[in-house]
Amino acid sequence: MAPRISPLLVLFPLLIISLLRLSHGAGIAVYWGQNGNEGSLADACNTGNYQFVNIAFLSTFGGGQNPQLNLAGHCDPSTNGCTKFSDEIKGCQGRGIKVLLSLGGASGSYSLNSADEATQLANYLWNNFLGGQSSSRPLGDAVLDGIDFDIEAGGGSHWDELAKALNGFSSQKKVYLAAAPQCPIPDAHLDSAIQTGLFDYVWVQFYNNPPCHGFISADVLTSQVLPTIKSSPKYGGVMIWDRYNDGQSGYSNAIKGSV
């Protein structure tokens with residue numbers, strides 16, 4: 001889930017699996033934030049194509065580092081430049097779209113080295129992006145719906161403890177949890193976290209793993225793949241990387257009536 005992926009594979013849609021949860025309704029999820037030419041967050045939501053938008057990424061945390069948001073060319077968080085998206089987040093939510101903050105990515109500097117670090121990060125996320133309070137919220141006073149784990153580095157330990165700590169805040173306000181593991185099972189980083197059964201959505205990355213699958217055209221997806229898998233009670237929709245590439249290809253436009 002990163003700019004390094006070839007254009008052929010980057011648009012491959014991913015199944016959203018809802019683990020041990022009742023269905024929240026099928027839809028299309030998209031990542032937004034890693035290409036300054038993809039348009040605003042409001043532009044993405046106003047297409048009407050997406051039911052989930054993952055803001056990518058909080059790419060620096062752990063190991064004594066101050067957590068840092070990286071939205072590529074969209075804004076500079078060091079000057080509070082990303083607070084401008086607060087109203088756009090609220091606008092997306094007003095359309096019934098769940099907006100999550102995605103942790104990690106392929107090229108960030110992040111890790112969790114202890115249970116204490118996991119708890120500290122959960123507290124930071126709650127106070128700065130979710131239902132808590134802080135004077136330094138990077139995205140302003142908008143309250144995000146949850147946290148997405150796009151963990152592609154930093155080892156495989158303590159992500160389960162982060163999930164448990166975040167889930168603990170759901171007694172105050174529901175925190176949706178999503179994960180984006182690679183398609184080989186078990187995932188090297190997220191297996192223990194997913195095994196907690198706390199994740200509402202799991203959108204599997206096939207496009208980072210050519211041996212698992214290749215590019216599937218929109219017509220094949222809608223005529224052959226979706227009719228087969230939609231009968232599964234764990235089916236939840238389709239995820240696409242990313243908004244820029246989707247805007248260029250029109251993929252979500254082509255499949256939204258079938259998801």
# chains A, B, ... in the order shown; residues from 1 in each chain; ligands from 1

$ closest_atom_pairs --of "region 66-133 of chain A" --to "region 186-196 of chain A" --cutoff "12 Å" --atoms "only C-alpha atoms" --output "CSV"
residue,atom,partner,partner_atom,distance
A:Gly104,CA,A:His189,CA,11.2
A:Ser111,CA,A:His189,CA,10.5
A:Leu112,CA,A:His189,CA,11.0
A:Ala118,CA,A:Ala193,CA,12.0

$ select_by_dssp --residues "region 2-220 of chain A" --states "strand (DSSP E)" --output "NGL selection string"
:A and (14-17 or 27-32 or 52-62 or 65-69 or 98-105 or 109-110 or 146-151 or 176-179 or 201-203)

$ select_by_dssp --residues "region 133-181 of chain A" --states "helix (DSSP H, G or I)" --output "ChimeraX atom specification"
/A:159-171

$ write_last_selection --atoms "N, CA and C atoms" --output "PDB file, in the first residue's frame"
ATOM      1  N   TRP A 159       1.179  -5.328  18.556  1.00  0.00           N
ATOM      2  CA  TRP A 159       0.048  -4.760  17.807  1.00  0.00           C
ATOM      3  C   TRP A 159      -1.271  -5.276  18.387  1.00  0.00           C
ATOM      4  N   ASP A 160      -1.249  -6.493  18.922  1.00  0.00           N
ATOM      5  CA  ASP A 160      -2.451  -7.006  19.579  1.00  0.00           C
ATOM      6  C   ASP A 160      -2.775  -6.185  20.822  1.00  0.00           C
ATOM      7  N   GLU A 161      -1.741  -5.768  21.546  1.00  0.00           N
ATOM      8  CA  GLU A 161      -1.958  -4.948  22.742  1.00  0.00           C
ATOM      9  C   GLU A 161      -2.465  -3.558  22.365  1.00  0.00           C
ATOM     10  N   LEU A 162      -2.022  -3.045  21.233  1.00  0.00           N
ATOM     11  CA  LEU A 162      -2.547  -1.769  20.756  1.00  0.00           C
ATOM     12  C   LEU A 162      -4.032  -1.907  20.416  1.00  0.00           C
ATOM     13  N   ALA A 163      -4.391  -2.990  19.740  1.00  0.00           N
ATOM     14  CA  ALA A 163      -5.798  -3.212  19.389  1.00  0.00           C
ATOM     15  C   ALA A 163      -6.657  -3.313  20.646  1.00  0.00           C
ATOM     16  N   LYS A 164      -6.179  -4.036  21.641  1.00  0.00           N
ATOM     17  CA  LYS A 164      -6.941  -4.184  22.884  1.00  0.00           C
ATOM     18  C   LYS A 164      -7.094  -2.846  23.602  1.00  0.00           C
ATOM     19  N   ALA A 165      -6.013  -2.053  23.616  1.00  0.00           N
ATOM     20  CA  ALA A 165      -6.075  -0.756  24.296  1.00  0.00           C
ATOM     21  C   ALA A 165      -7.040   0.185  23.583  1.00  0.00           C
ATOM     22  N   LEU A 166      -7.013   0.193  22.254  1.00  0.00           N
ATOM     23  CA  LEU A 166      -7.941   1.045  21.506  1.00  0.00           C
ATOM     24  C   LEU A 166      -9.377   0.580  21.699  1.00  0.00           C
ATOM     25  N   ASN A 167      -9.575  -0.726  21.688  1.00  0.00           N
ATOM     26  CA  ASN A 167     -10.917  -1.253  21.880  1.00  0.00           C
ATOM     27  C   ASN A 167     -11.463  -0.874  23.254  1.00  0.00           C
ATOM     28  N   GLY A 168     -10.584  -0.715  24.217  1.00  0.00           N
ATOM     29  CA  GLY A 168     -11.015  -0.330  25.545  1.00  0.00           C
ATOM     30  C   GLY A 168     -11.724   1.015  25.582  1.00  0.00           C
ATOM     31  N   PHE A 169     -11.390   1.887  24.639  1.00  0.00           N
ATOM     32  CA  PHE A 169     -12.028   3.204  24.593  1.00  0.00           C
ATOM     33  C   PHE A 169     -13.451   3.123  24.031  1.00  0.00           C
ATOM     34  N   SER A 170     -13.805   1.993  23.443  1.00  0.00           N
ATOM     35  CA  SER A 170     -15.128   1.871  22.849  1.00  0.00           C
ATOM     36  C   SER A 170     -16.243   1.955  23.878  1.00  0.00           C
ATOM     37  N   SER A 171     -15.896   1.802  25.144  1.00  0.00           N
ATOM     38  CA  SER A 171     -16.909   1.975  26.184  1.00  0.00           C
ATOM     39  C   SER A 171     -17.334   3.438  26.284  1.00  0.00           C
TER      40      SER A 171
END

$ atom_distance --atom1 "CA of Val202 (chain A)" --atom2 "CA of Ala179 (chain A)"
4.8 Å

$ atom_distance --atom1 "CA of Thr83 (chain A)" --atom2 "CA of Gly33 (chain A)"
13.7 Å

$ closest_residue --among "A:Thr222, A:Ser40, A:Asn80, A:Thr228" --to "Ile55 (chain A)" --atoms "only C-alpha atoms"
A:Ser40
